[in-house]
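Quick look at structure.txt (compact mmCIF, N, CA and C atoms):
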# COMPACT_ATOMS: atom_id res chain seq x y z
N MET A 9 -25.27 -146.63 59.85
CA MET A 9 -25.15 -145.57 60.85
C MET A 9 -23.75 -145.64 61.46
N PRO A 10 -23.00 -144.54 61.40
CA PRO A 10 -21.64 -144.56 61.95
C PRO A 10 -21.65 -144.65 63.48
N LEU A 11 -20.61 -145.27 63.99
CA LEU A 11 -20.47 -145.38 65.44
C LEU A 11 -20.11 -144.02 66.04
N PRO A 12 -20.53 -143.77 67.26
CA PRO A 12 -20.16 -142.50 67.90
C PRO A 12 -18.63 -142.38 68.00
N ASN A 13 -18.12 -141.19 67.85
CA ASN A 13 -16.67 -140.95 67.86
C ASN A 13 -16.05 -141.40 69.18
N ILE A 14 -16.74 -141.23 70.29
CA ILE A 14 -16.19 -141.62 71.59
C ILE A 14 -15.92 -143.13 71.62
N PHE A 15 -16.79 -143.91 70.97
CA PHE A 15 -16.57 -145.36 70.92
C PHE A 15 -15.33 -145.68 70.11
N ASN A 16 -15.16 -145.01 68.98
CA ASN A 16 -13.98 -145.25 68.13
C ASN A 16 -12.70 -144.92 68.87
N GLU A 17 -12.69 -143.81 69.60
CA GLU A 17 -11.49 -143.43 70.35
C GLU A 17 -11.20 -144.44 71.44
N ASP A 18 -12.23 -144.90 72.13
CA ASP A 18 -12.04 -145.89 73.17
C ASP A 18 -11.54 -147.21 72.56
N LEU A 19 -12.09 -147.60 71.43
CA LEU A 19 -11.66 -148.82 70.76
C LEU A 19 -10.20 -148.70 70.34
N ASP A 20 -9.83 -147.57 69.74
CA ASP A 20 -8.44 -147.37 69.35
C ASP A 20 -7.51 -147.44 70.56
N SER A 21 -7.93 -146.85 71.65
CA SER A 21 -7.15 -146.87 72.88
C SER A 21 -6.97 -148.30 73.39
N GLN A 22 -8.05 -149.06 73.39
CA GLN A 22 -7.99 -150.44 73.87
C GLN A 22 -7.11 -151.30 72.97
N LEU A 23 -7.22 -151.11 71.66
CA LEU A 23 -6.38 -151.86 70.73
C LEU A 23 -4.91 -151.51 70.92
N SER A 24 -4.63 -150.23 71.11
CA SER A 24 -3.24 -149.80 71.34
C SER A 24 -2.68 -150.42 72.61
N LYS A 25 -3.47 -150.43 73.66
CA LYS A 25 -3.03 -151.04 74.93
C LYS A 25 -2.78 -152.53 74.75
N THR A 26 -3.66 -153.20 74.04
CA THR A 26 -3.52 -154.64 73.81
C THR A 26 -2.24 -154.93 73.04
N ILE A 27 -1.99 -154.15 72.00
CA ILE A 27 -0.78 -154.35 71.19
C ILE A 27 0.47 -154.04 71.99
N ALA A 28 0.44 -152.96 72.76
CA ALA A 28 1.61 -152.59 73.57
C ALA A 28 1.92 -153.67 74.61
N GLU A 29 0.89 -154.20 75.24
CA GLU A 29 1.08 -155.25 76.23
C GLU A 29 1.66 -156.51 75.59
N ALA A 30 1.11 -156.87 74.44
CA ALA A 30 1.61 -158.06 73.74
C ALA A 30 3.04 -157.85 73.27
N ALA A 31 3.34 -156.66 72.79
CA ALA A 31 4.68 -156.37 72.27
C ALA A 31 5.73 -156.45 73.38
N SER A 32 5.35 -156.10 74.58
CA SER A 32 6.32 -156.13 75.68
C SER A 32 6.53 -157.55 76.21
N ASN A 33 5.60 -158.46 75.92
CA ASN A 33 5.68 -159.83 76.44
C ASN A 33 6.02 -160.88 75.38
N ASP A 34 5.90 -160.53 74.11
CA ASP A 34 6.07 -161.50 73.04
C ASP A 34 7.45 -161.35 72.41
N ALA A 35 8.27 -162.38 72.53
CA ALA A 35 9.65 -162.32 72.02
C ALA A 35 9.68 -162.14 70.50
N GLU A 36 8.76 -162.78 69.80
CA GLU A 36 8.75 -162.66 68.34
C GLU A 36 8.45 -161.23 67.91
N MET A 37 7.49 -160.60 68.58
CA MET A 37 7.17 -159.21 68.24
C MET A 37 8.35 -158.29 68.56
N LEU A 38 9.01 -158.53 69.69
CA LEU A 38 10.17 -157.73 70.05
C LEU A 38 11.28 -157.89 69.02
N ASP A 39 11.52 -159.12 68.58
CA ASP A 39 12.56 -159.37 67.58
C ASP A 39 12.22 -158.68 66.25
N LEU A 40 10.95 -158.75 65.86
CA LEU A 40 10.54 -158.09 64.62
C LEU A 40 10.75 -156.58 64.70
N LYS A 41 10.36 -155.99 65.83
CA LYS A 41 10.54 -154.54 65.99
C LYS A 41 12.01 -154.16 65.95
N GLN A 42 12.86 -154.95 66.60
CA GLN A 42 14.29 -154.68 66.59
C GLN A 42 14.87 -154.82 65.18
N SER A 43 14.41 -155.80 64.44
CA SER A 43 14.88 -155.99 63.06
C SER A 43 14.46 -154.82 62.18
N ILE A 44 13.25 -154.34 62.38
CA ILE A 44 12.76 -153.19 61.62
C ILE A 44 13.58 -151.95 61.94
N ILE A 45 13.85 -151.73 63.21
CA ILE A 45 14.67 -150.58 63.62
C ILE A 45 16.08 -150.69 63.02
N ARG A 46 16.63 -151.90 63.04
CA ARG A 46 17.97 -152.12 62.48
C ARG A 46 18.00 -151.80 60.98
N LEU A 47 16.98 -152.26 60.26
CA LEU A 47 16.93 -151.99 58.82
C LEU A 47 16.81 -150.50 58.53
N LYS A 48 15.99 -149.81 59.31
CA LYS A 48 15.84 -148.37 59.11
C LYS A 48 17.14 -147.63 59.37
N SER A 49 17.90 -148.07 60.38
CA SER A 49 19.17 -147.39 60.67
C SER A 49 20.23 -147.76 59.64
N GLU A 50 20.14 -148.98 59.12
CA GLU A 50 21.10 -149.44 58.12
C GLU A 50 20.88 -148.74 56.78
N CYS A 51 19.63 -148.43 56.48
CA CYS A 51 19.28 -147.80 55.21
C CYS A 51 18.30 -146.65 55.46
N PRO A 52 18.81 -145.44 55.69
CA PRO A 52 17.94 -144.30 56.00
C PRO A 52 16.93 -143.98 54.89
N LYS A 53 17.20 -144.43 53.68
CA LYS A 53 16.26 -144.17 52.58
C LYS A 53 14.92 -144.85 52.83
N ILE A 54 14.92 -145.92 53.60
CA ILE A 54 13.66 -146.61 53.92
C ILE A 54 12.72 -145.64 54.64
N GLN A 55 13.23 -144.89 55.60
CA GLN A 55 12.39 -143.94 56.33
C GLN A 55 11.87 -142.85 55.40
N HIS A 56 12.70 -142.41 54.44
CA HIS A 56 12.25 -141.41 53.47
C HIS A 56 11.09 -141.95 52.64
N ILE A 57 11.18 -143.21 52.27
CA ILE A 57 10.11 -143.83 51.48
C ILE A 57 8.84 -143.95 52.32
N ILE A 58 8.98 -144.38 53.56
CA ILE A 58 7.81 -144.53 54.44
C ILE A 58 7.14 -143.19 54.69
N ASP A 59 7.96 -142.16 54.93
CA ASP A 59 7.43 -140.82 55.21
C ASP A 59 6.98 -140.10 53.95
N ARG A 60 7.35 -140.62 52.79
CA ARG A 60 7.02 -140.01 51.49
C ARG A 60 7.52 -138.57 51.41
N LYS A 61 8.69 -138.34 51.99
CA LYS A 61 9.24 -136.98 51.99
C LYS A 61 9.73 -136.58 50.60
N THR A 62 10.50 -137.44 50.01
CA THR A 62 11.09 -137.13 48.71
C THR A 62 11.19 -138.41 47.89
N GLY A 63 11.38 -138.23 46.59
CA GLY A 63 11.65 -139.37 45.75
C GLY A 63 13.05 -139.89 46.07
N VAL A 64 13.22 -141.18 45.97
CA VAL A 64 14.49 -141.79 46.34
C VAL A 64 14.88 -142.79 45.26
N THR A 65 16.15 -142.76 44.92
CA THR A 65 16.69 -143.76 44.00
C THR A 65 17.40 -144.82 44.83
N LEU A 66 17.07 -146.07 44.55
CA LEU A 66 17.64 -147.17 45.32
C LEU A 66 18.53 -148.03 44.43
N ASN A 67 19.62 -148.50 45.02
CA ASN A 67 20.43 -149.49 44.31
C ASN A 67 19.88 -150.87 44.64
N GLU A 68 20.50 -151.91 44.09
CA GLU A 68 19.99 -153.27 44.27
C GLU A 68 19.96 -153.68 45.74
N GLU A 69 21.02 -153.37 46.47
CA GLU A 69 21.09 -153.74 47.90
C GLU A 69 20.01 -153.02 48.70
N GLU A 70 19.79 -151.74 48.41
CA GLU A 70 18.75 -150.98 49.12
C GLU A 70 17.36 -151.51 48.80
N CYS A 71 17.15 -151.96 47.57
CA CYS A 71 15.87 -152.58 47.20
C CYS A 71 15.63 -153.85 48.00
N LYS A 72 16.68 -154.65 48.18
CA LYS A 72 16.56 -155.87 48.98
C LYS A 72 16.22 -155.53 50.43
N LEU A 73 16.88 -154.50 50.97
CA LEU A 73 16.59 -154.09 52.34
C LEU A 73 15.16 -153.58 52.47
N LEU A 74 14.71 -152.83 51.48
CA LEU A 74 13.33 -152.32 51.51
C LEU A 74 12.34 -153.48 51.45
N SER A 75 12.60 -154.47 50.62
CA SER A 75 11.73 -155.65 50.54
C SER A 75 11.72 -156.39 51.87
N GLU A 76 12.88 -156.52 52.48
CA GLU A 76 12.97 -157.18 53.79
C GLU A 76 12.19 -156.39 54.83
N TYR A 77 12.32 -155.06 54.78
CA TYR A 77 11.58 -154.21 55.71
C TYR A 77 10.08 -154.45 55.59
N PHE A 78 9.56 -154.42 54.35
CA PHE A 78 8.12 -154.60 54.16
C PHE A 78 7.66 -155.99 54.59
N ALA A 79 8.48 -157.00 54.36
CA ALA A 79 8.13 -158.36 54.81
C ALA A 79 8.04 -158.42 56.33
N LEU A 80 9.02 -157.82 57.01
CA LEU A 80 9.00 -157.81 58.47
C LEU A 80 7.84 -156.99 59.01
N ASP A 81 7.59 -155.85 58.39
CA ASP A 81 6.50 -154.98 58.83
C ASP A 81 5.15 -155.67 58.64
N ASN A 82 4.96 -156.35 57.52
CA ASN A 82 3.71 -157.08 57.29
C ASN A 82 3.54 -158.20 58.30
N LYS A 83 4.63 -158.89 58.63
CA LYS A 83 4.55 -159.96 59.63
C LYS A 83 4.17 -159.39 61.00
N LEU A 84 4.76 -158.23 61.35
CA LEU A 84 4.43 -157.59 62.62
C LEU A 84 2.95 -157.17 62.65
N ILE A 85 2.47 -156.61 61.57
CA ILE A 85 1.06 -156.20 61.49
C ILE A 85 0.15 -157.42 61.64
N ALA A 86 0.51 -158.53 61.00
CA ALA A 86 -0.29 -159.75 61.12
C ALA A 86 -0.32 -160.25 62.56
N LEU A 87 0.81 -160.19 63.25
CA LEU A 87 0.85 -160.59 64.66
C LEU A 87 0.00 -159.67 65.52
N GLU A 88 0.08 -158.37 65.26
CA GLU A 88 -0.74 -157.41 66.02
C GLU A 88 -2.23 -157.67 65.79
N ASN A 89 -2.61 -157.93 64.55
CA ASN A 89 -4.01 -158.22 64.24
C ASN A 89 -4.45 -159.51 64.94
N ARG A 90 -3.58 -160.49 64.97
CA ARG A 90 -3.90 -161.76 65.63
C ARG A 90 -4.12 -161.55 67.13
N VAL A 91 -3.25 -160.75 67.73
CA VAL A 91 -3.38 -160.46 69.16
C VAL A 91 -4.71 -159.77 69.45
N CYS A 92 -5.06 -158.79 68.63
CA CYS A 92 -6.33 -158.08 68.83
C CYS A 92 -7.52 -159.00 68.62
N TYR A 93 -7.45 -159.85 67.60
CA TYR A 93 -8.54 -160.81 67.35
C TYR A 93 -8.70 -161.75 68.53
N LEU A 94 -7.59 -162.32 68.99
CA LEU A 94 -7.66 -163.27 70.10
C LEU A 94 -8.16 -162.61 71.38
N ARG A 95 -7.76 -161.35 71.58
CA ARG A 95 -8.25 -160.62 72.76
C ARG A 95 -9.76 -160.46 72.69
N GLY A 96 -10.25 -160.08 71.52
CA GLY A 96 -11.69 -159.94 71.34
C GLY A 96 -12.40 -161.27 71.50
N PHE A 97 -11.80 -162.33 70.98
CA PHE A 97 -12.40 -163.66 71.09
C PHE A 97 -12.49 -164.09 72.55
N THR A 98 -11.40 -163.92 73.29
CA THR A 98 -11.42 -164.33 74.70
C THR A 98 -12.36 -163.46 75.52
N ASP A 99 -12.39 -162.15 75.24
CA ASP A 99 -13.34 -161.27 75.94
C ASP A 99 -14.77 -161.65 75.61
N GLY A 100 -15.02 -161.96 74.34
CA GLY A 100 -16.37 -162.35 73.93
C GLY A 100 -16.80 -163.67 74.56
N THR A 101 -15.88 -164.61 74.64
CA THR A 101 -16.18 -165.90 75.27
C THR A 101 -16.47 -165.72 76.75
N ALA A 102 -15.67 -164.89 77.41
CA ALA A 102 -15.90 -164.65 78.85
C ALA A 102 -17.24 -163.97 79.07
N THR A 103 -17.60 -163.04 78.19
CA THR A 103 -18.89 -162.34 78.32
C THR A 103 -20.03 -163.32 78.09
N LYS A 104 -19.90 -164.19 77.10
CA LYS A 104 -20.93 -165.18 76.80
C LYS A 104 -21.16 -166.10 78.01
N GLU A 105 -20.07 -166.50 78.66
CA GLU A 105 -20.19 -167.38 79.83
C GLU A 105 -20.92 -166.69 80.98
N LEU A 106 -20.80 -165.38 81.08
CA LEU A 106 -21.52 -164.64 82.12
C LEU A 106 -23.03 -164.73 81.93
N PHE A 107 -23.46 -164.77 80.68
CA PHE A 107 -24.90 -164.73 80.39
C PHE A 107 -25.52 -166.11 80.24
N GLU A 108 -24.73 -167.15 80.28
CA GLU A 108 -25.29 -168.49 80.12
C GLU A 108 -25.73 -169.04 81.44

Please express the file's structure as structure tokens.
Amino acid sequence: MPLPNIFNEDLDSQLSKTIAEAASNDAEMLDLKQSIIRLKSECPKIQHIIDRKTGVTLNEEECKLLSEYFALDNKLIALENRVCYLRGFTDGTATKELFE
């Protein structure tokens, strides 16, 4: 049975808030975001690939930058997932303590 849409929207909102709060306080996340922005400005073709606007031909250096971009982006996503997991874990633990 699918969850009600209002719950999904609230969950998405809460996850976004959690990630935004962590991103503003976590130096590693800030550094990753800055590195990603730098790579996109250094190689505009990366944004074309992400947006899937057009086919793009890359030279060897651009391929290296694209690989670096994906590595940084994956690391950022892993950190965001970790933050959300830990938030849920701490909220769940606090709720459990209320009922014990």

Counting all atoms listed in the file, I want the residues whose atoms come within 8 Å of (14.8, -154.3, 57.6) in the file frame, returned as a list in words. Gln42, Ser43, Ile44, Ile45, Arg46, Leu47, Lys48, Ser49, Glu50, Cys51, Lys72, Leu73, Leu74, Ser75, Glu76, Tyr77, Phe78, Ala79, Leu80 and Asp81 of chain A

Check chain A with DSSP on the backbone and list each residue it calls alpha helix (DSSP H), as number ranges by chain. A: 13-33, 35-50, 53-59, 68-107

What is the distance between atom N of Leu87 of chain A and atom N of Cys71 of chain A, in Å to one decimal?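 Those two atoms sit 24.1 Å apart.
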
Take atom N of Leu40 of chain A and atom CA of Thr62 of chain A and report the distance between them in Å, one decimal.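 Interatomic distance, atom N of Leu40 of chain A to atom CA of Thr62 of chain A: 27.6 Å.
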
Do you know which residues are at most 8 Å from segment 29-36 of chain A counting all atoms listed in the file, after dropping those on the same chain fewer than 6 positions away, and could you put them as a short mmCIF file (atom, residue, chain, number, x, y, z; two decimals) with N, CA and C atoms, keeping the file's coordinate frame?
data_model
loop_
_atom_site.label_atom_id
_atom_site.label_comp_id
_atom_site.auth_asym_id
_atom_site.auth_seq_id
_atom_site.Cartn_x
_atom_site.Cartn_y
_atom_site.Cartn_z
N LEU A 23 -7.22 -151.11 71.66
CA LEU A 23 -6.38 -151.86 70.73
C LEU A 23 -4.91 -151.51 70.92
N GLN A 42 12.86 -154.95 66.60
CA GLN A 42 14.29 -154.68 66.59
C GLN A 42 14.87 -154.82 65.18
N LEU A 84 4.76 -158.23 61.35
CA LEU A 84 4.43 -157.59 62.62
C LEU A 84 2.95 -157.17 62.65
N GLU A 88 0.08 -158.37 65.26
CA GLU A 88 -0.74 -157.41 66.02
C GLU A 88 -2.23 -157.67 65.79
N VAL A 91 -3.25 -160.75 67.73
CA VAL A 91 -3.38 -160.46 69.16
C VAL A 91 -4.71 -159.77 69.45
#

What is the distance, in Å and to one decimal place, between atom C of Asn67 of chain A and atom C of Asn82 of chain A?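 Computed distance, atom C of Asn67 of chain A to atom C of Asn82 of chain A, equals 22.5 Å.
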
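Nearest residue to Lys41 of chain A among A:Arg95, A:Leu66, A:Ile58, A:Ile85 is A:Ile85, counting only C-alpha atoms.
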
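Among A:Lys104, A:Lys53, A:Arg90, A:Lys25, the residue with the shortest atom-to-atom distance to Glu70 of chain A, counting only C-alpha atoms, is A:Lys53.
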